[in-house]
Amino acid sequence: MAVIQKHAKNGGPDLVCHKETHLPGKTGVPGCHKKWPENHSNWPRPVARLWTVVLLLGTCLLYCARVAMPICAVSMAEKFNWSKRESGMVLGSFFWGYCFTQVFGGYVSDRVGGEKILLLSAAAWGSMTAFTPILAHLCSQPILSMMLARFLMGLLQGVHYPSLASLCSQKVVESERGFLMSTVGSGSYLGTLLIGGAGSLMLDLYGWESVFYVSGLLSVLWAYCMWKYLLKGEGPIITLESLGGATQSKHTKRHWFRLLKQPAVFAVIVTHLCTASTFFTLLSWLPTFFKDTFPDAKGWVFNVIPWLVAIPSSLFSGCLSDHLICQGFDTASVRKLMQFFSMGVSSVFTILLCSNTTFPWAVAFVSVTMGLTTFSHSGVSLNVQDLAPSCAGALFGNSCVCLCAGVLMVYFSGYLIEATGSWASMFALITTVNLLGLFTFLAFAEARRVDIDSSKVRHHNIHI
């Protein structure tokens, strides 16, 4: 039995191979199996598929609860005599709360398990959603109670995606993460579609309160089923010991300052900032763009079609990235390719919106733009797990703190539109920010692990 010293792909430890030959220029050939010493509890494929469906449904309900307030904002404004500014204050309160728990959610998920944090948070924000109408009617100042409710909703939902990143890095093998994250990510578009259709119907038939009751109670039911059938009624038990025991001692030795100074980590944070900023801007201003530019157009067309395109596009990007990695292509190159489609190719169609165009072409350009944007689920979003699987949740949370800048970009875009009197200024800003993030990612992104001491893991054995 010969033992050959070799540099492992992406700086990962213990690449155990049972084949004598491999293709030059490619890694991950058939017969090679990566084994990370820190994680021996990856889900089997059937279990991973079951969790994918459950998490997809959970993310769908997350967005149903999140979008319930925007759906009901007009009816609530009429009921409580809110002005446009007051309605904006209520809606904007969510994002400020959303930014505060990103790091905390990822930090705790890395220590106690992402599934426990997902369960607790879903039960909490589901209950908060169902309780919102009661809170609005009981409080003498509904504007204050609704701002507080939306802020708390943001706090509770802010842990969702960092917990997903932590759970995926701990339980899913690298070659299947793209499919899981892109499928689960498509739940956001599915939830927006469902609450937009069913929520509008309930709003007309039963009043705005019904939208909150149904979406909130369904979310609580999802949390109960997850606890009963997937976690087998065990936990979630989170103790001070679990937060500060042996796992903490390992992580306190990790120099976070050194980690955040890594060029690859810097690239993830900047790219995530740019991606989130442009997505929030498009999400916030596209309906107004269509109403101003095409006042006679049907609202359901431009509010539904782009999201119908985004769902299969997100699934396709995950399958494509996993397929390329399984074929032996370098992980970093695959992540960059996905991000190139998300930020580079999509910018071409964004620029086309600057010119005078017809309504069908505008809907087509927006649909392609939103569809390509979903490729980031298999790009920068997964790169966090490549770089630091042992603390992916906390690192994902650190990058998501920059979502505050995304909210500011929404406001700045409104200033540009008003100052210039042209929508082209907003689309030009989006393109510029996209290209900035893309060039940063292409220049500095890597897929090697940076959460371990590279001086201790340089050479790894290949047993033949």
# chains A, B, ... in the order shown; residues from 1 in each chain; ligands from 1
>>> select_by_dssp(residues="range 171-308 of chain A", states="alpha helix (DSSP H)", output="number ranges by chain")
A: 171, 177-206, 208-225, 240-244, 246-252, 256-260, 263-293, 299-308
>>> atom_distance(atom1="CA of Ser83 in chain A", atom2="CA of Leu286 in chain A")
21.7 Å
>>> residues_around(residues="range 292-307 of chain A", least_positions_apart="4", cutoff="7 Å", atoms="only C-alpha atoms", output="list in words")
Tyr189, Leu193, Thr288, Ile311, Phe359, Val363, Val366, Ser367 and Met370 of chain A
>>> write_last_selection(atoms="all heavy atoms", output="tab-separated table (two decimals), in the first residue's frame")
chain	number	residue	atom	x	y	z
A	189	TYR	N	-39.63	32.93	-3.70
A	189	TYR	CA	-40.43	33.35	-4.85
A	189	TYR	C	-41.80	32.67	-4.83
A	189	TYR	O	-42.82	33.28	-5.16
A	189	TYR	CB	-39.70	33.04	-6.15
A	189	TYR	CG	-38.25	33.42	-6.11
A	189	TYR	CD1	-37.23	32.48	-6.28
A	189	TYR	CD2	-37.86	34.74	-5.87
A	189	TYR	CE1	-35.90	32.83	-6.23
A	189	TYR	CE2	-36.53	35.10	-5.81
A	189	TYR	CZ	-35.55	34.14	-5.99
A	189	TYR	OH	-34.23	34.49	-5.93
A	193	LEU	N	-45.49	34.49	-4.53
A	193	LEU	CA	-46.58	34.22	-5.46
A	193	LEU	C	-47.85	33.78	-4.73
A	193	LEU	O	-48.95	34.26	-5.01
A	193	LEU	CB	-46.16	33.14	-6.45
A	193	LEU	CG	-45.33	33.58	-7.65
A	193	LEU	CD1	-44.92	32.36	-8.47
A	193	LEU	CD2	-46.11	34.54	-8.53
A	288	THR	N	-43.58	50.22	-9.19
A	288	THR	CA	-43.79	51.64	-9.48
A	288	THR	C	-43.31	51.99	-10.88
A	288	THR	O	-43.93	52.81	-11.58
A	288	THR	CB	-43.05	52.50	-8.44
A	288	THR	OG1	-43.42	52.09	-7.12
A	288	THR	CG2	-43.37	53.97	-8.61
A	311	ILE	N	-38.47	30.91	-10.20
A	311	ILE	CA	-38.50	29.61	-9.51
A	311	ILE	C	-37.75	28.53	-10.30
A	311	ILE	O	-36.82	27.91	-9.76
A	311	ILE	CB	-39.95	29.18	-9.23
A	311	ILE	CG1	-40.60	30.14	-8.22
A	311	ILE	CG2	-40.00	27.75	-8.70
A	311	ILE	CD1	-42.07	29.90	-8.00
A	359	PHE	N	-44.28	47.36	-23.44
A	359	PHE	CA	-44.60	46.65	-22.21
A	359	PHE	C	-44.20	45.17	-22.27
A	359	PHE	O	-43.59	44.67	-21.32
A	359	PHE	CB	-46.09	46.79	-21.91
A	359	PHE	CG	-46.53	46.02	-20.70
A	359	PHE	CD1	-46.14	46.39	-19.43
A	359	PHE	CD2	-47.34	44.90	-20.84
A	359	PHE	CE1	-46.54	45.67	-18.31
A	359	PHE	CE2	-47.75	44.18	-19.73
A	359	PHE	CZ	-47.35	44.57	-18.47
A	363	VAL	N	-41.45	43.52	-19.64
A	363	VAL	CA	-41.73	42.36	-18.80
A	363	VAL	C	-40.72	41.24	-19.07
A	363	VAL	O	-40.24	40.58	-18.14
A	363	VAL	CB	-43.17	41.85	-19.02
A	363	VAL	CG1	-43.41	40.54	-18.28
A	363	VAL	CG2	-44.18	42.90	-18.57
A	366	VAL	N	-37.30	42.24	-17.50
A	366	VAL	CA	-37.35	42.11	-16.04
A	366	VAL	C	-37.38	40.64	-15.63
A	366	VAL	O	-36.71	40.23	-14.67
A	366	VAL	CB	-38.58	42.86	-15.48
A	366	VAL	CG1	-38.80	42.51	-14.00
A	366	VAL	CG2	-38.40	44.36	-15.64
A	367	SER	N	-38.12	39.82	-16.35
A	367	SER	CA	-38.21	38.40	-16.02
A	367	SER	C	-36.86	37.71	-16.16
A	367	SER	O	-36.46	36.92	-15.29
A	367	SER	CB	-39.25	37.72	-16.92
A	367	SER	OG	-40.53	38.27	-16.73
A	370	MET	N	-34.58	38.92	-13.24
A	370	MET	CA	-34.88	38.27	-11.96
A	370	MET	C	-34.51	36.80	-11.99
A	370	MET	O	-34.05	36.24	-10.98
A	370	MET	CB	-36.36	38.43	-11.63
A	370	MET	CG	-36.83	39.88	-11.49
A	370	MET	SD	-35.86	40.85	-10.32
A	370	MET	CE	-36.25	40.03	-8.79
>>> residues_around(residues="Leu438 in chain A", least_positions_apart="4", cutoff="7 Å", atoms="only C-alpha atoms", output="ChimeraX atom specification")
/A:271,339-340,343-344,434,442
>>> residues_around(residues="range 47-60 of chain A", least_positions_apart="4", cutoff="9 Å", atoms="only C-alpha atoms", output="tab-separated table (two decimals) with N, CA, C and O atoms, in the first residue's frame")
chain	number	residue	atom	x	y	z
A	42	ASN	N	-23.10	13.83	7.89
A	42	ASN	CA	-23.84	14.28	6.71
A	42	ASN	C	-25.10	13.44	6.53
A	42	ASN	O	-25.11	12.23	6.78
A	43	TRP	N	-26.15	14.09	6.07
A	43	TRP	CA	-27.39	13.37	5.80
A	43	TRP	C	-27.22	12.41	4.63
A	43	TRP	O	-26.59	12.75	3.62
A	64	CYS	N	-44.53	34.14	3.05
A	64	CYS	CA	-45.96	34.40	3.19
A	64	CYS	C	-46.22	35.31	4.39
A	64	CYS	O	-46.99	36.27	4.31
A	65	ALA	N	-45.55	35.00	5.50
A	65	ALA	CA	-45.70	35.83	6.69
A	65	ALA	C	-45.06	37.20	6.51
A	65	ALA	O	-45.58	38.21	6.98
A	118	LEU	N	-34.02	27.22	13.49
A	118	LEU	CA	-35.11	27.34	12.51
A	118	LEU	C	-36.45	27.01	13.17
A	118	LEU	O	-37.45	27.70	12.93
A	122	ALA	N	-39.29	29.88	13.75
A	122	ALA	CA	-40.54	29.73	13.00
A	122	ALA	C	-41.74	29.75	13.94
A	122	ALA	O	-42.78	30.35	13.64
A	160	HIS	N	-33.13	33.15	9.93
A	160	HIS	CA	-33.51	32.04	9.06
A	160	HIS	C	-32.38	31.65	8.10
A	160	HIS	O	-31.94	30.48	8.09
A	164	LEU	N	-29.91	28.37	7.92
A	164	LEU	CA	-29.87	27.49	6.75
A	164	LEU	C	-28.44	27.26	6.29
A	164	LEU	O	-28.05	26.12	5.97
A	171	LYS	N	-24.47	19.43	7.32
A	171	LYS	CA	-25.20	18.21	7.03
A	171	LYS	C	-25.18	17.78	5.56
A	171	LYS	O	-25.58	16.66	5.27
A	172	VAL	N	-24.77	18.64	4.66
A	172	VAL	CA	-24.87	18.35	3.23
A	172	VAL	C	-23.48	18.34	2.61
A	172	VAL	O	-22.68	19.24	2.86
A	179	PHE	N	-27.98	22.25	-5.10
A	179	PHE	CA	-29.38	21.88	-5.31
A	179	PHE	C	-30.22	22.24	-4.10
A	179	PHE	O	-31.31	22.81	-4.23
A	180	LEU	N	-29.71	21.94	-2.89
A	180	LEU	CA	-30.50	22.21	-1.69
A	180	LEU	C	-30.73	23.70	-1.51
A	180	LEU	O	-31.86	24.16	-1.31
A	181	MET	N	-29.67	24.50	-1.60
A	181	MET	CA	-29.81	25.92	-1.33
A	181	MET	C	-30.63	26.63	-2.40
A	181	MET	O	-31.40	27.55	-2.10
A	183	THR	N	-32.97	25.22	-4.28
A	183	THR	CA	-34.36	24.78	-4.13
A	183	THR	C	-35.03	25.48	-2.95
A	183	THR	O	-36.16	25.98	-3.07
A	184	VAL	N	-34.32	25.52	-1.83
A	184	VAL	CA	-34.87	26.20	-0.66
A	184	VAL	C	-35.02	27.70	-0.94
A	184	VAL	O	-36.02	28.32	-0.55
A	185	GLY	N	-34.06	28.27	-1.66
A	185	GLY	CA	-34.14	29.69	-2.00
A	185	GLY	C	-35.33	30.02	-2.89
A	185	GLY	O	-35.90	31.11	-2.80
A	186	SER	N	-35.71	29.07	-3.74
A	186	SER	CA	-36.87	29.30	-4.60
A	186	SER	C	-38.17	29.40	-3.80
A	186	SER	O	-39.18	29.88	-4.30
A	187	GLY	N	-38.13	28.93	-2.55
A	187	GLY	CA	-39.31	29.07	-1.70
A	187	GLY	C	-39.69	30.52	-1.46
A	187	GLY	O	-40.87	30.81	-1.23
A	188	SER	N	-38.73	31.42	-1.52
A	188	SER	CA	-39.04	32.84	-1.34
A	188	SER	C	-39.91	33.36	-2.48
A	188	SER	O	-40.87	34.11	-2.25
A	189	TYR	N	-39.63	32.93	-3.70
A	189	TYR	CA	-40.43	33.35	-4.85
A	189	TYR	C	-41.80	32.67	-4.83
A	189	TYR	O	-42.82	33.28	-5.16
A	190	LEU	N	-41.81	31.38	-4.42
A	190	LEU	CA	-43.07	30.66	-4.34
A	190	LEU	C	-43.98	31.28	-3.28
A	190	LEU	O	-45.18	31.44	-3.49
A	191	GLY	N	-43.40	31.64	-2.14
A	191	GLY	CA	-44.18	32.25	-1.09
A	191	GLY	C	-44.74	33.61	-1.49
A	191	GLY	O	-45.89	33.94	-1.17
A	192	THR	N	-43.93	34.39	-2.23
A	192	THR	CA	-44.40	35.69	-2.71
A	192	THR	C	-45.57	35.51	-3.67
A	192	THR	O	-46.55	36.27	-3.63
A	194	LEU	N	-47.70	32.87	-3.76
A	194	LEU	CA	-48.86	32.33	-3.06
A	194	LEU	C	-49.58	33.40	-2.25
A	194	LEU	O	-50.81	33.51	-2.30
A	219	SER	N	-47.59	28.65	9.62
A	219	SER	CA	-46.17	28.64	9.98
A	219	SER	C	-45.95	27.90	11.30
A	219	SER	O	-44.99	27.13	11.44
A	222	TRP	N	-46.24	24.25	10.61
A	222	TRP	CA	-45.01	23.74	9.99
A	222	TRP	C	-43.94	23.46	11.05
A	222	TRP	O	-43.28	22.42	11.02
A	223	ALA	N	-43.79	24.39	11.98
A	223	ALA	CA	-42.81	24.21	13.05
A	223	ALA	C	-43.14	22.98	13.90
A	223	ALA	O	-42.25	22.21	14.28
A	226	MET	N	-42.33	19.79	11.93
A	226	MET	CA	-40.88	19.60	11.87
A	226	MET	C	-40.36	19.03	13.19
A	226	MET	O	-39.53	18.11	13.20
A	230	LEU	N	-39.57	15.20	12.15
A	230	LEU	CA	-38.16	15.20	11.74
A	230	LEU	C	-37.22	15.17	12.93
A	230	LEU	O	-36.22	14.46	12.93
>>> closest_residue(among="A:Pro44, A:Pro389, A:Gly178, A:Pro70", to="Arg449 in chain A", atoms="only C-alpha atoms")
A:Pro389
>>> residues_around(residues="Val211 in chain A", least_positions_apart="2", cutoff="8 Å", atoms="only C-alpha atoms", output="VMD selection string")
chain A and resid 68 72 199 202 to 203 207 to 209 213 to 215
>>> atom_distance(atom1="CA of Leu148 in chain A", atom2="CA of Ile117 in chain A")
22.0 Å
>>> residues_around(residues="range 89-94 of chain A", least_positions_apart="3", cutoff="9 Å", atoms="only C-alpha atoms", output="PDB file with N, CA, C and O atoms, in the first residue's frame")
ATOM      1  N   ARG A  66     -43.939  37.236   5.807  1.00  0.00           N
ATOM      2  CA  ARG A  66     -43.219  38.501   5.611  1.00  0.00           C
ATOM      3  C   ARG A  66     -44.003  39.457   4.717  1.00  0.00           C
ATOM      4  O   ARG A  66     -44.035  40.670   4.963  1.00  0.00           O
ATOM      5  N   MET A  69     -47.894  41.825   5.489  1.00  0.00           N
ATOM      6  CA  MET A  69     -48.085  43.243   5.782  1.00  0.00           C
ATOM      7  C   MET A  69     -48.124  44.106   4.524  1.00  0.00           C
ATOM      8  O   MET A  69     -49.036  44.938   4.379  1.00  0.00           O
ATOM      9  N   PRO A  70     -47.191  43.958   3.566  1.00  0.00           N
ATOM     10  CA  PRO A  70     -47.316  44.740   2.325  1.00  0.00           C
ATOM     11  C   PRO A  70     -48.623  44.482   1.576  1.00  0.00           C
ATOM     12  O   PRO A  70     -49.195  45.405   0.993  1.00  0.00           O
ATOM     13  N   ALA A  73     -51.267  46.429   3.509  1.00  0.00           N
ATOM     14  CA  ALA A  73     -50.915  47.791   3.911  1.00  0.00           C
ATOM     15  C   ALA A  73     -51.971  48.808   3.507  1.00  0.00           C
ATOM     16  O   ALA A  73     -52.323  49.712   4.292  1.00  0.00           O
ATOM     17  N   LYS A  84     -49.098  57.992   3.634  1.00  0.00           N
ATOM     18  CA  LYS A  84     -48.082  57.236   2.904  1.00  0.00           C
ATOM     19  C   LYS A  84     -46.799  57.132   3.727  1.00  0.00           C
ATOM     20  O   LYS A  84     -46.142  56.080   3.760  1.00  0.00           O
ATOM     21  N   ARG A  85     -46.452  58.212   4.372  1.00  0.00           N
ATOM     22  CA  ARG A  85     -45.226  58.196   5.175  1.00  0.00           C
ATOM     23  C   ARG A  85     -45.352  57.221   6.334  1.00  0.00           C
ATOM     24  O   ARG A  85     -44.403  56.475   6.634  1.00  0.00           O
ATOM     25  N   GLU A  86     -46.494  57.191   6.993  1.00  0.00           N
ATOM     26  CA  GLU A  86     -46.682  56.268   8.114  1.00  0.00           C
ATOM     27  C   GLU A  86     -46.707  54.819   7.647  1.00  0.00           C
ATOM     28  O   GLU A  86     -46.161  53.937   8.328  1.00  0.00           O
ATOM     29  N   GLY A  97     -35.077  45.573  11.926  1.00  0.00           N
ATOM     30  CA  GLY A  97     -34.988  44.438  12.827  1.00  0.00           C
ATOM     31  C   GLY A  97     -34.272  43.258  12.205  1.00  0.00           C
ATOM     32  O   GLY A  97     -33.533  42.528  12.878  1.00  0.00           O
ATOM     33  N   TYR A  98     -34.456  43.095  10.901  1.00  0.00           N
ATOM     34  CA  TYR A  98     -33.883  41.964  10.177  1.00  0.00           C
ATOM     35  C   TYR A  98     -32.366  41.967  10.223  1.00  0.00           C
ATOM     36  O   TYR A  98     -31.733  40.907  10.206  1.00  0.00           O
ATOM     37  N   CYS A  99     -31.765  43.140  10.285  1.00  0.00           N
ATOM     38  CA  CYS A  99     -30.309  43.240  10.248  1.00  0.00           C
ATOM     39  C   CYS A  99     -29.651  42.866  11.575  1.00  0.00           C
ATOM     40  O   CYS A  99     -28.490  42.477  11.598  1.00  0.00           O
ATOM     41  N   ILE A 143     -50.270  52.551  14.890  1.00  0.00           N
ATOM     42  CA  ILE A 143     -49.048  52.803  14.140  1.00  0.00           C
ATOM     43  C   ILE A 143     -47.818  52.364  14.937  1.00  0.00           C
ATOM     44  O   ILE A 143     -46.883  51.770  14.393  1.00  0.00           O
ATOM     45  N   LEU A 144     -47.836  52.631  16.247  1.00  0.00           N
ATOM     46  CA  LEU A 144     -46.705  52.242  17.096  1.00  0.00           C
ATOM     47  C   LEU A 144     -46.655  50.727  17.284  1.00  0.00           C
ATOM     48  O   LEU A 144     -45.575  50.122  17.232  1.00  0.00           O
ATOM     49  N   MET A 146     -47.811  48.420  15.297  1.00  0.00           N
ATOM     50  CA  MET A 146     -47.448  47.754  14.056  1.00  0.00           C
ATOM     51  C   MET A 146     -45.975  47.947  13.713  1.00  0.00           C
ATOM     52  O   MET A 146     -45.333  47.058  13.166  1.00  0.00           O
ATOM     53  N   MET A 147     -45.425  49.109  14.034  1.00  0.00           N
ATOM     54  CA  MET A 147     -43.988  49.304  13.838  1.00  0.00           C
ATOM     55  C   MET A 147     -43.199  48.351  14.731  1.00  0.00           C
ATOM     56  O   MET A 147     -42.213  47.750  14.302  1.00  0.00           O
ATOM     57  N   LEU A 148     -43.654  48.202  15.974  1.00  0.00           N
ATOM     58  CA  LEU A 148     -42.995  47.273  16.887  1.00  0.00           C
ATOM     59  C   LEU A 148     -43.141  45.840  16.408  1.00  0.00           C
ATOM     60  O   LEU A 148     -42.181  45.045  16.449  1.00  0.00           O
ATOM     61  N   ALA A 149     -44.347  45.479  15.938  1.00  0.00           N
ATOM     62  CA  ALA A 149     -44.578  44.118  15.451  1.00  0.00           C
ATOM     63  C   ALA A 149     -43.692  43.805  14.250  1.00  0.00           C
ATOM     64  O   ALA A 149     -43.116  42.713  14.160  1.00  0.00           O
ATOM     65  N   ARG A 150     -43.575  44.750  13.330  1.00  0.00           N
ATOM     66  CA  ARG A 150     -42.729  44.521  12.152  1.00  0.00           C
ATOM     67  C   ARG A 150     -41.254  44.452  12.531  1.00  0.00           C
ATOM     68  O   ARG A 150     -40.485  43.666  11.955  1.00  0.00           O
ATOM     69  N   PHE A 151     -40.846  45.269  13.490  1.00  0.00           N
ATOM     70  CA  PHE A 151     -39.461  45.216  13.952  1.00  0.00           C
ATOM     71  C   PHE A 151     -39.154  43.858  14.577  1.00  0.00           C
ATOM     72  O   PHE A 151     -38.104  43.253  14.312  1.00  0.00           O
ATOM     73  N   LEU A 152     -40.074  43.354  15.408  1.00  0.00           N
ATOM     74  CA  LEU A 152     -39.886  42.040  16.020  1.00  0.00           C
ATOM     75  C   LEU A 152     -39.915  40.929  14.973  1.00  0.00           C
ATOM     76  O   LEU A 152     -39.170  39.943  15.083  1.00  0.00           O
ATOM     77  N   MET A 153     -40.765  41.086  13.963  1.00  0.00           N
ATOM     78  CA  MET A 153     -40.775  40.111  12.865  1.00  0.00           C
ATOM     79  C   MET A 153     -39.421  40.056  12.184  1.00  0.00           C
ATOM     80  O   MET A 153     -38.910  38.980  11.838  1.00  0.00           O
ATOM     81  N   GLY A 154     -38.828  41.215  11.963  1.00  0.00           N
ATOM     82  CA  GLY A 154     -37.503  41.255  11.359  1.00  0.00           C
ATOM     83  C   GLY A 154     -36.464  40.584  12.235  1.00  0.00           C
ATOM     84  O   GLY A 154     -35.615  39.830  11.753  1.00  0.00           O
ATOM     85  N   LEU A 155     -36.533  40.838  13.544  1.00  0.00           N
ATOM     86  CA  LEU A 155     -35.603  40.190  14.472  1.00  0.00           C
ATOM     87  C   LEU A 155     -35.730  38.671  14.410  1.00  0.00           C
ATOM     88  O   LEU A 155     -34.726  37.946  14.360  1.00  0.00           O
ATOM     89  N   VAL A 407     -31.029  48.643   2.201  1.00  0.00           N
ATOM     90  CA  VAL A 407     -32.183  49.490   2.482  1.00  0.00           C
ATOM     91  C   VAL A 407     -31.875  50.936   2.106  1.00  0.00           C
ATOM     92  O   VAL A 407     -32.715  51.647   1.536  1.00  0.00           O
TER      93      VAL A 407
END
>>> decode(residues="range 78-86 of chain A", atoms="all heavy atoms", output="PDB file, in the first residue's frame")
ATOM      1  N   GLU A  78     -56.291  52.486   5.322  1.00  0.00           N
ATOM      2  CA  GLU A  78     -57.655  53.017   5.300  1.00  0.00           C
ATOM      3  C   GLU A  78     -58.348  52.823   6.649  1.00  0.00           C
ATOM      4  O   GLU A  78     -59.074  53.698   7.116  1.00  0.00           O
ATOM      5  CB  GLU A  78     -58.455  52.324   4.193  1.00  0.00           C
ATOM      6  CG  GLU A  78     -57.957  52.634   2.785  1.00  0.00           C
ATOM      7  CD  GLU A  78     -58.712  51.852   1.740  1.00  0.00           C
ATOM      8  OE1 GLU A  78     -59.541  50.985   2.118  1.00  0.00           O
ATOM      9  OE2 GLU A  78     -58.474  52.081   0.531  1.00  0.00           O
ATOM     10  N   LYS A  79     -58.086  51.678   7.274  1.00  0.00           N
ATOM     11  CA  LYS A  79     -58.724  51.373   8.549  1.00  0.00           C
ATOM     12  C   LYS A  79     -58.239  52.304   9.660  1.00  0.00           C
ATOM     13  O   LYS A  79     -59.029  52.791  10.477  1.00  0.00           O
ATOM     14  CB  LYS A  79     -58.430  49.907   8.920  1.00  0.00           C
ATOM     15  CG  LYS A  79     -58.839  49.490  10.313  1.00  0.00           C
ATOM     16  CD  LYS A  79     -60.332  49.407  10.476  1.00  0.00           C
ATOM     17  CE  LYS A  79     -60.709  48.866  11.844  1.00  0.00           C
ATOM     18  NZ  LYS A  79     -62.172  48.783  12.044  1.00  0.00           N
ATOM     19  N   PHE A  80     -56.927  52.551   9.704  1.00  0.00           N
ATOM     20  CA  PHE A  80     -56.336  53.315  10.798  1.00  0.00           C
ATOM     21  C   PHE A  80     -55.917  54.734  10.396  1.00  0.00           C
ATOM     22  O   PHE A  80     -55.218  55.401  11.160  1.00  0.00           O
ATOM     23  CB  PHE A  80     -55.135  52.553  11.357  1.00  0.00           C
ATOM     24  CG  PHE A  80     -55.464  51.176  11.874  1.00  0.00           C
ATOM     25  CD1 PHE A  80     -54.967  50.045  11.236  1.00  0.00           C
ATOM     26  CD2 PHE A  80     -56.271  51.006  12.985  1.00  0.00           C
ATOM     27  CE1 PHE A  80     -55.263  48.771  11.700  1.00  0.00           C
ATOM     28  CE2 PHE A  80     -56.577  49.742  13.466  1.00  0.00           C
ATOM     29  CZ  PHE A  80     -56.076  48.616  12.813  1.00  0.00           C
ATOM     30  N   ASN A  81     -56.293  55.140   9.176  1.00  0.00           N
ATOM     31  CA  ASN A  81     -56.017  56.501   8.704  1.00  0.00           C
ATOM     32  C   ASN A  81     -54.519  56.820   8.681  1.00  0.00           C
ATOM     33  O   ASN A  81     -54.068  57.852   9.185  1.00  0.00           O
ATOM     34  CB  ASN A  81     -56.753  57.536   9.573  1.00  0.00           C
ATOM     35  CG  ASN A  81     -58.260  57.400   9.507  1.00  0.00           C
ATOM     36  OD1 ASN A  81     -58.826  57.201   8.425  1.00  0.00           O
ATOM     37  ND2 ASN A  81     -58.920  57.474  10.661  1.00  0.00           N
ATOM     38  N   TRP A  82     -53.748  55.913   8.098  1.00  0.00           N
ATOM     39  CA  TRP A  82     -52.317  56.147   7.949  1.00  0.00           C
ATOM     40  C   TRP A  82     -52.037  56.925   6.674  1.00  0.00           C
ATOM     41  O   TRP A  82     -52.692  56.728   5.641  1.00  0.00           O
ATOM     42  CB  TRP A  82     -51.553  54.823   7.879  1.00  0.00           C
ATOM     43  CG  TRP A  82     -51.575  54.033   9.148  1.00  0.00           C
ATOM     44  CD1 TRP A  82     -51.912  54.481  10.397  1.00  0.00           C
ATOM     45  CD2 TRP A  82     -51.247  52.653   9.300  1.00  0.00           C
ATOM     46  NE1 TRP A  82     -51.815  53.472  11.317  1.00  0.00           N
ATOM     47  CE2 TRP A  82     -51.401  52.336  10.672  1.00  0.00           C
ATOM     48  CE3 TRP A  82     -50.826  51.658   8.430  1.00  0.00           C
ATOM     49  CZ2 TRP A  82     -51.160  51.060  11.174  1.00  0.00           C
ATOM     50  CZ3 TRP A  82     -50.578  50.391   8.923  1.00  0.00           C
ATOM     51  CH2 TRP A  82     -50.737  50.091  10.285  1.00  0.00           C
ATOM     52  N   SER A  83     -51.019  57.759   6.730  1.00  0.00           N
ATOM     53  CA  SER A  83     -50.546  58.448   5.535  1.00  0.00           C
ATOM     54  C   SER A  83     -49.538  57.555   4.816  1.00  0.00           C
ATOM     55  O   SER A  83     -49.150  56.495   5.315  1.00  0.00           O
ATOM     56  CB  SER A  83     -49.892  59.780   5.911  1.00  0.00           C
ATOM     57  OG  SER A  83     -48.731  59.553   6.687  1.00  0.00           O
ATOM     58  N   LYS A  84     -49.098  57.992   3.634  1.00  0.00           N
ATOM     59  CA  LYS A  84     -48.082  57.236   2.904  1.00  0.00           C
ATOM     60  C   LYS A  84     -46.799  57.132   3.727  1.00  0.00           C
ATOM     61  O   LYS A  84     -46.142  56.080   3.760  1.00  0.00           O
ATOM     62  CB  LYS A  84     -47.789  57.916   1.566  1.00  0.00           C
ATOM     63  CG  LYS A  84     -48.953  57.909   0.581  1.00  0.00           C
ATOM     64  CD  LYS A  84     -49.162  56.542  -0.010  1.00  0.00           C
ATOM     65  CE  LYS A  84     -50.230  56.576  -1.098  1.00  0.00           C
ATOM     66  NZ  LYS A  84     -50.531  55.229  -1.623  1.00  0.00           N
ATOM     67  N   ARG A  85     -46.452  58.212   4.372  1.00  0.00           N
ATOM     68  CA  ARG A  85     -45.226  58.196   5.175  1.00  0.00           C
ATOM     69  C   ARG A  85     -45.352  57.221   6.334  1.00  0.00           C
ATOM     70  O   ARG A  85     -44.403  56.475   6.634  1.00  0.00           O
ATOM     71  CB  ARG A  85     -44.948  59.603   5.697  1.00  0.00           C
ATOM     72  CG  ARG A  85     -43.672  59.727   6.511  1.00  0.00           C
ATOM     73  CD  ARG A  85     -43.463  61.158   6.978  1.00  0.00           C
ATOM     74  NE  ARG A  85     -44.563  61.580   7.843  1.00  0.00           N
ATOM     75  CZ  ARG A  85     -44.583  61.350   9.168  1.00  0.00           C
ATOM     76  NH1 ARG A  85     -43.585  60.680   9.744  1.00  0.00           N
ATOM     77  NH2 ARG A  85     -45.601  61.766   9.892  1.00  0.00           N
ATOM     78  N   GLU A  86     -46.494  57.191   6.993  1.00  0.00           N
ATOM     79  CA  GLU A  86     -46.682  56.268   8.114  1.00  0.00           C
ATOM     80  C   GLU A  86     -46.707  54.819   7.647  1.00  0.00           C
ATOM     81  O   GLU A  86     -46.161  53.937   8.328  1.00  0.00           O
ATOM     82  CB  GLU A  86     -47.982  56.620   8.842  1.00  0.00           C
ATOM     83  CG  GLU A  86     -47.908  57.928   9.618  1.00  0.00           C
ATOM     84  CD  GLU A  86     -49.239  58.343  10.188  1.00  0.00           C
ATOM     85  OE1 GLU A  86     -50.280  58.018   9.557  1.00  0.00           O
ATOM     86  OE2 GLU A  86     -49.269  58.989  11.258  1.00  0.00           O
TER      87      GLU A  86
END
